[in-house]
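Enquirer: Could you have a look at this structure, given as structure tokens, before my questions?
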Amino acid sequence: MDLSTVELSRLQFALTALYHFLFVPLTLGLSFMLVIMESVYVLTRREIWRTVTRFWGTLFGINFVLGVATGLTMEFQFGTNWSYFSHFVGDIFGAPLAIEGLMAFFLEATFVGLMFFGWDKLSRVGHLMVTFLVALGTNLSALWILIANGWMQNPVGSEFNPATMRMEVNDFMAVLFNPIAQAKFVHTVSAGYVCAAVFVLGVSAIYLLQGKWVSVARRSMAVAAAFGLASSLSVVVLGDESGYALTDNQKMKLAALEAMWHTEPAPAGLTLFGIPNMQTQHTDLEIKVPFVLGLISTRSLDRPVVGILDLVDQAEGRIRSGILAYDAVEKLKVNETDMAARAQFEAHKRDLGYGYLLKKYVSDPRTATNEQIVAASLDVIPNVPVMFWTFRVMAGIGVAMIVLFAVAFLLVSLRKAEHTRWFLRLCVLAMPLPWIAIEAGWMLAEIGRQPWAVEGVLPTFMGASSLTKSQIWITIIGFTLMYGALAVIEVKLLIKTIKKGPYPAKMGHMHDEAEASPLEGGKGVTGPA
Amino acid sequence: MEIPLDFETLRVIWWALIGILLIGFAITDGHDMGVTALLPFVAKTDEERRAVINTVSATWEGNQVWFILGGGAIFAAWPFVYAVSFSGFYLAMFVVLMSMILRPVGFKYRSKRPEKAWRRNWDWALFIGGFVPTLVFGVAIGNVLSGAPFRLDSDLRITYEGGLLGLFTPFTVLCGLTSVAMVVLQGATWLGLKLERGEVHKRSMKFGFVAGIAVIVLFALGFVFLKFGNIGYQVVGDVAAGGVSNPRRAEVVPMAGGWLTNYATYPWMWIAPIVGFAGPVLALVGLKLKSEPLAFGGSSFGIFGIIGSVGASMFPIILPSTLDAKSSLLVWTASSSHLTLFIMLGVTLVFLPIVLAYTAWVYKVLFGRVGIENIRTNPDMY
């Protein structure tokens, strides 16, 4: 097994997934904000709300297409670069991807065209329904993708079949209602909502600072403040930490992001700061808050949070058991009716994936030396410093978002937001933060899953296709150039659209401006809209 | 749980369903791709081009989901096929993805700036997004018929011994051209239905006529290759149709003319090639009589017959290996488990009719021709 082709395929997957996920969160959140804005339009019948909806709809459209375009790559990349993974888990993993297409993506993609082109062809309520179906489709899409991803983190409802050399589903409901998938779904879409709320808040703040399109900006900000406050609370309170006690790898993730090398007596403390060191297996300069971690992760005061090194010890035991599972599978390949091998397989099958960890060191795990087994057991530790810091970046921004939206909600409620310039500037500065948090969150989840492609079942290095390095380099460079160019074009178009504003500037304020707020008197012309 | 349908039946149903999804993709996304492949040739001025683009601007996005669903459904129902074909045709797939990425952005971004160069560049991007995937898909089908150089070891790990250039042989290029002709006919007849009559409409009809004749000739040449071209495979001995999904349990060997034996065994399968020829003939008649619905219907019918012929010729083989008799993928050995096929059938039976219903409704709302006048007056148009 050539590790560098694995590393290259990982690099490509990370690049394309991180890039895809620059656009998706905004789509997830903005689609529902459009529903809110358009609902107000339908209920009040005031033209200004239609203008608000259509303006954000234009920005939504520019962003949406790149999510769609880069999603194409994602749908096929498992087959192109991870063909053994695709074979090994396709019986389970393929289903949510297919259902996503059938149930969710068809919905959003079929109606998104009508959303843009159907303003004059549909009744008000009809068009609102269409916008709602687009939002529903995008969010259902996220649900199915996270059911697939959740299964990689916690592979329930399935078992290995030696006759087909793959995982096969035995309880589809367990795959659907996988608690990790459910937690991830709520956490991820909430993060998308926060992202969209910050985007709307920030762009509105730019307009208010410049005194332009105030009628649209004020209303948009009100929607963003309320929507953002609810979502930012949801993203932190319903974070996916609740699943961290479920499996060995999830426990490892929790221990790694806390850089907690040894099991601590319950209830464990939360580390605020520290410098984790992989070599010495120690965290320097630690500052801890007592009790908090135990409360969050175990929801109790008496259950301990297991440390990294204890999990490594457990992994070593599972690797030894996995060697027996591997041995049984090889015997069953030769003779399917070998009853002794069948019994041995049944006894050890849950550790087969741990046996595969040895394939990094030796082609036949049965011949592994003690040193190799110890080395493989240490492989179950993900990159602790990366975990530690990405978590702190993500969680720190998460908390900052709650504060930002609490302030925004307060100021909007007091009708002071548009004149509080420090606040408006803060809103503009905050614009990149949700994206940083979201990308950090993705890295935390997926780097934390290492060394596994599917936890306890298939190591990442085994999942890759047998490609050459030059093939993968061609695609990495190609995707990078294409994606880079598209990113530049998209950002320029977004800026151009924002500068152009919701309606031609020479028209001045919309006619409902004056009645809405006398405070902007003197700015612009009160011409007809 | 007791599964009410046996494994063999489910495998046949999924073979048909995958076929239907691919046909759905070729008919719906096919006309979008045909339209953009024709864009630089049938429309000259910016307004003409905008008219052409706006015949598909509101619906191409939904149509493209057939492609994504096709990928997902193959993954779910035939994981081996998903794994072998996309890793094997690695760079070809990369070319398809790169060109298909150009479509969404091309549609959306072209109208965002008025500069001539900007719009001309996106016109060519849209052309590439329509033409290149169509050609590559056809070449890929040609390679599926010719067999691909891969093996599966006892762990069922795939190794592939071939590069991008090896994909091009006279037969596979013929298949690529057939695909292009088919899609251009589909795009031209769509423009016939959807464009206001005028210069561009006339040009589209002319392209449609040429493409229709090309489809008939190329499709016939394809059969000549199948008969005399030393192409074809056959399954050795009996394979348990309800047996284990492990490709190494069946043997497939090359046999010249092997892709025509099904038509002798199951004469009803002749329906597929007959429809494959009758469709484009009907399309030509429609073009001649200026009956656009007949032309578009004939073209769609033809796609159904041509793709159906590929399936009928190959059944039960999905992807033969040129290297190893015991690596080829069959409907009986390359499927998902019994339970997965059953669950996915249930999901499809519930959701596919819903999808078809709302898609039909959207088309109904958007019914009507697009002309230069609409472009000038409707600010929503691309």
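In the structure tokens, the first chain shown is A, the next is B, and so on; residue numbers restart at 1 for each chain, and ligands run from 1 in the order shown.
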Write out as an NGL selection string the residues lying within 10 Å of Ala98 in chain A, counting only C-alpha atoms and excluding same-chain residues fewer than 3 positions away.

Expert: (:A and (75 or 93-95 or 101-105 or 144-145)) or (:B and (68-77 or 344 or 347-348))

Enquirer: Would you kindly return, as a PDB file with N, CA and C atoms, in the first residue's frame, each protein, DNA or RNA residue with an atom no farther than 9 Å from any atom of range 19-27 of chain B, considering only C-alpha atoms and excluding same-chain residues fewer than 2 positions away?

Expert:
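Final file, part.pdb:
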```
ATOM      1  N   TRP B  14     -33.780  -3.725 -10.483  1.00  0.00           N
ATOM      2  CA  TRP B  14     -32.779  -2.654 -10.373  1.00  0.00           C
ATOM      3  C   TRP B  14     -32.003  -2.442 -11.661  1.00  0.00           C
ATOM      4  N   TRP B  15     -31.814  -3.514 -12.390  1.00  0.00           N
ATOM      5  CA  TRP B  15     -31.184  -3.364 -13.712  1.00  0.00           C
ATOM      6  C   TRP B  15     -32.067  -2.446 -14.568  1.00  0.00           C
ATOM      7  N   ALA B  16     -33.383  -2.696 -14.525  1.00  0.00           N
ATOM      8  CA  ALA B  16     -34.298  -1.864 -15.310  1.00  0.00           C
ATOM      9  C   ALA B  16     -34.336  -0.428 -14.763  1.00  0.00           C
ATOM     10  N   LEU B  17     -34.334  -0.313 -13.439  1.00  0.00           N
ATOM     11  CA  LEU B  17     -34.421   1.032 -12.850  1.00  0.00           C
ATOM     12  C   LEU B  17     -33.199   1.887 -13.182  1.00  0.00           C
ATOM     13  N   ASP B  29     -31.578  15.957 -19.139  1.00  0.00           N
ATOM     14  CA  ASP B  29     -30.345  16.734 -19.182  1.00  0.00           C
ATOM     15  C   ASP B  29     -29.781  16.722 -20.597  1.00  0.00           C
ATOM     16  N   GLY B  30     -30.129  15.701 -21.361  1.00  0.00           N
ATOM     17  CA  GLY B  30     -29.674  15.624 -22.746  1.00  0.00           C
ATOM     18  C   GLY B  30     -30.123  16.826 -23.553  1.00  0.00           C
ATOM     19  N   HIS B  31     -31.386  17.247 -23.368  1.00  0.00           N
ATOM     20  CA  HIS B  31     -31.786  18.390 -24.199  1.00  0.00           C
ATOM     21  C   HIS B  31     -31.093  19.679 -23.751  1.00  0.00           C
ATOM     22  N   ASN B  63     -33.069  19.043 -14.118  1.00  0.00           N
ATOM     23  CA  ASN B  63     -32.689  17.963 -15.028  1.00  0.00           C
ATOM     24  C   ASN B  63     -31.344  17.363 -14.664  1.00  0.00           C
ATOM     25  N   GLN B  64     -30.440  18.210 -14.176  1.00  0.00           N
ATOM     26  CA  GLN B  64     -29.105  17.727 -13.857  1.00  0.00           C
ATOM     27  C   GLN B  64     -29.134  16.719 -12.710  1.00  0.00           C
ATOM     28  N   VAL B  65     -30.206  16.790 -11.889  1.00  0.00           N
ATOM     29  CA  VAL B  65     -30.273  15.858 -10.767  1.00  0.00           C
ATOM     30  C   VAL B  65     -30.353  14.410 -11.249  1.00  0.00           C
ATOM     31  N   TRP B  66     -30.852  14.204 -12.463  1.00  0.00           N
ATOM     32  CA  TRP B  66     -30.851  12.835 -13.005  1.00  0.00           C
ATOM     33  C   TRP B  66     -29.432  12.279 -13.043  1.00  0.00           C
ATOM     34  N   PHE B  67     -28.482  13.135 -13.328  1.00  0.00           N
ATOM     35  CA  PHE B  67     -27.076  12.715 -13.370  1.00  0.00           C
ATOM     36  C   PHE B  67     -26.599  12.345 -11.967  1.00  0.00           C
ATOM     37  N   LEU B  69     -28.461  11.664  -9.355  1.00  0.00           N
ATOM     38  CA  LEU B  69     -29.206  10.504  -8.870  1.00  0.00           C
ATOM     39  C   LEU B  69     -28.685   9.231  -9.527  1.00  0.00           C
ATOM     40  N   GLY B  70     -28.333   9.322 -10.811  1.00  0.00           N
ATOM     41  CA  GLY B  70     -27.751   8.161 -11.484  1.00  0.00           C
ATOM     42  C   GLY B  70     -26.516   7.677 -10.740  1.00  0.00           C
ATOM     43  N   ALA B  73     -27.634   6.221  -7.352  1.00  0.00           N
ATOM     44  CA  ALA B  73     -28.360   4.955  -7.467  1.00  0.00           C
ATOM     45  C   ALA B  73     -27.414   3.816  -7.835  1.00  0.00           C
ATOM     46  N   VAL B 183     -27.800  13.618 -28.660  1.00  0.00           N
ATOM     47  CA  VAL B 183     -28.048  14.754 -27.768  1.00  0.00           C
ATOM     48  C   VAL B 183     -28.264  16.048 -28.572  1.00  0.00           C
ATOM     49  N   GLN B 186     -31.710  15.953 -29.719  1.00  0.00           N
ATOM     50  CA  GLN B 186     -32.601  16.243 -28.594  1.00  0.00           C
ATOM     51  C   GLN B 186     -32.630  17.756 -28.314  1.00  0.00           C
ATOM     52  N   SER B 299     -37.358  12.091 -30.927  1.00  0.00           N
ATOM     53  CA  SER B 299     -35.980  12.107 -30.448  1.00  0.00           C
ATOM     54  C   SER B 299     -35.874  11.436 -29.076  1.00  0.00           C
ATOM     55  N   SER B 300     -36.794  11.775 -28.168  1.00  0.00           N
ATOM     56  CA  SER B 300     -36.767  11.183 -26.827  1.00  0.00           C
ATOM     57  C   SER B 300     -36.974   9.674 -26.904  1.00  0.00           C
ATOM     58  N   PHE B 301     -37.899   9.276 -27.732  1.00  0.00           N
ATOM     59  CA  PHE B 301     -38.186   7.872 -27.965  1.00  0.00           C
ATOM     60  C   PHE B 301     -36.922   7.152 -28.456  1.00  0.00           C
ATOM     61  N   ILE B 303     -33.802   8.002 -27.907  1.00  0.00           N
ATOM     62  CA  ILE B 303     -32.852   7.856 -26.794  1.00  0.00           C
ATOM     63  C   ILE B 303     -33.210   6.627 -25.973  1.00  0.00           C
ATOM     64  N   PHE B 304     -34.499   6.472 -25.708  1.00  0.00           N
ATOM     65  CA  PHE B 304     -34.986   5.319 -24.961  1.00  0.00           C
ATOM     66  C   PHE B 304     -34.559   4.024 -25.650  1.00  0.00           C
ATOM     67  N   ILE B 307     -30.390   3.616 -25.719  1.00  0.00           N
ATOM     68  CA  ILE B 307     -29.815   3.201 -24.432  1.00  0.00           C
ATOM     69  C   ILE B 307     -30.373   1.830 -24.042  1.00  0.00           C
ATOM     70  N   GLY B 308     -31.658   1.630 -24.337  1.00  0.00           N
ATOM     71  CA  GLY B 308     -32.253   0.319 -24.075  1.00  0.00           C
ATOM     72  C   GLY B 308     -31.537  -0.797 -24.829  1.00  0.00           C
ATOM     73  N   GLY B 311     -28.466  -1.942 -22.972  1.00  0.00           N
ATOM     74  CA  GLY B 311     -28.832  -2.815 -21.863  1.00  0.00           C
ATOM     75  C   GLY B 311     -29.259  -4.193 -22.343  1.00  0.00           C
TER      76      GLY B 311
END
```

Enquirer: Using only C-alpha atoms, find which residues of chain B lie within 6 Å of chain A and jot them down as a list in words.

Expert: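 Taken together, these residues fit the definition: Ala58, Thr59, Glu61, Gly62, Val65, Leu69, Gly72, Ala73, Phe75, Ala76, Pro79, Phe80, Tyr82, Ala83, Phe86, Ser87, Tyr90, Ile101, Pro104, Arg157, Thr159, Ser245, Asn246 and Ser336 of chain B.
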
Enquirer: Save out the residues we just selected, C-alpha atoms, as a CSV table (one decimal), in the first residue's frame.

Expert:
```
chain,number,residue,atom,x,y,z
B,58,ALA,CA,-35.4,27.6,-15.3
B,59,THR,CA,-35.3,23.8,-15.7
B,61,GLU,CA,-31.0,22.5,-12.7
B,62,GLY,CA,-33.7,19.9,-11.9
B,65,VAL,CA,-30.3,15.9,-10.8
B,69,LEU,CA,-29.2,10.5,-8.9
B,72,GLY,CA,-26.1,7.8,-6.3
B,73,ALA,CA,-28.4,5.0,-7.5
B,75,PHE,CA,-23.6,3.5,-5.7
B,76,ALA,CA,-26.5,2.1,-3.8
B,79,PRO,CA,-21.5,-0.6,-5.5
B,80,PHE,CA,-19.0,-2.6,-7.5
B,82,TYR,CA,-19.7,2.6,-9.0
B,83,ALA,CA,-16.2,1.6,-7.6
B,86,PHE,CA,-15.3,5.7,-11.7
B,87,SER,CA,-11.9,4.8,-10.4
B,90,TYR,CA,-10.5,8.2,-13.5
B,101,ILE,CA,-19.0,22.3,-13.4
B,104,PRO,CA,-24.2,25.9,-13.5
B,157,ARG,CA,-9.8,-4.8,-4.3
B,159,THR,CA,-6.6,-2.7,-9.9
B,245,SER,CA,-22.8,-10.6,-4.6
B,246,ASN,CA,-19.2,-11.5,-5.4
B,336,SER,CA,-26.1,-4.6,-3.2
```

Enquirer: I need the strand (DSSP E or B) residues of range 182-321 of chain A per DSSP on the backbone, written as a list of chain:residue names.

Expert: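 Those in range 182-321 of chain A that DSSP calls strand (DSSP E or B) are A:Glu264, A:Leu270, A:Thr271, A:Leu272, A:Phe273, A:Gly274, A:Ile275, A:Pro276, A:Asn277, A:His282, A:Thr283, A:Asp284, A:Leu285, A:Glu286, A:Ile287, A:Lys288, A:Val289, A:Val305.
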
Enquirer: Just N, CA and C atoms for this one: save the residues we selected as a compact mmCIF listing (two decimals), in the first residue's frame.

Expert:
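Contents of part.txt, freshly written:
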```txt
# COMPACT_ATOMS: atom_id res chain seq x y z
N GLU A 264 -9.60 11.03 33.70
CA GLU A 264 -9.68 11.84 34.91
C GLU A 264 -10.83 11.39 35.77
N LEU A 270 -12.76 21.04 32.10
CA LEU A 270 -12.62 21.49 30.71
C LEU A 270 -11.33 22.31 30.57
N THR A 271 -10.54 21.97 29.58
CA THR A 271 -9.29 22.69 29.38
C THR A 271 -9.55 23.96 28.57
N LEU A 272 -9.19 25.09 29.12
CA LEU A 272 -9.37 26.35 28.39
C LEU A 272 -8.20 26.62 27.48
N PHE A 273 -6.98 26.33 28.00
CA PHE A 273 -5.78 26.60 27.22
C PHE A 273 -4.76 25.52 27.51
N GLY A 274 -3.85 25.30 26.56
CA GLY A 274 -2.78 24.34 26.77
C GLY A 274 -2.03 24.14 25.48
N ILE A 275 -0.87 23.51 25.56
CA ILE A 275 -0.10 23.20 24.34
C ILE A 275 0.14 21.70 24.31
N PRO A 276 -0.70 20.97 23.54
CA PRO A 276 -0.56 19.52 23.52
C PRO A 276 0.71 19.10 22.78
N ASN A 277 1.38 18.08 23.29
CA ASN A 277 2.60 17.59 22.67
C ASN A 277 2.44 16.10 22.38
N HIS A 282 1.78 14.75 26.54
CA HIS A 282 1.47 15.59 27.69
C HIS A 282 1.03 16.96 27.18
N THR A 283 0.15 17.61 27.93
CA THR A 283 -0.27 18.95 27.54
C THR A 283 0.35 19.97 28.48
N ASP A 284 1.16 20.87 27.92
CA ASP A 284 1.86 21.86 28.74
C ASP A 284 0.97 23.07 28.99
N LEU A 285 1.28 23.78 30.06
CA LEU A 285 0.63 25.06 30.39
C LEU A 285 -0.91 24.98 30.42
N GLU A 286 -1.40 23.88 30.96
CA GLU A 286 -2.84 23.65 30.97
C GLU A 286 -3.58 24.59 31.92
N ILE A 287 -4.70 25.16 31.48
CA ILE A 287 -5.59 25.90 32.38
C ILE A 287 -6.95 25.21 32.33
N LYS A 288 -7.44 24.75 33.46
CA LYS A 288 -8.66 23.94 33.45
C LYS A 288 -9.80 24.57 34.25
N VAL A 289 -11.03 24.35 33.76
CA VAL A 289 -12.22 24.72 34.53
C VAL A 289 -12.81 23.42 35.07
N VAL A 305 -14.58 10.69 31.99
CA VAL A 305 -14.27 10.84 30.57
C VAL A 305 -12.93 10.12 30.36
```

Enquirer: What are the DSSP helix (DSSP H, G or I) residues of range 154-206 of chain B, as number ranges by chain?

Expert: B: 165-167, 170-194, 199-206

Enquirer: Find the spatial neighbours of Asn249 in chain A, counting only C-alpha atoms, within a cut-off of 10 Å - ignore same-chain residues fewer than 4 positions away - and output them as number ranges by chain.

Expert: A: 153-154, 244-245, 253-255, 311, 315, 380-382, 448-452, 454-456
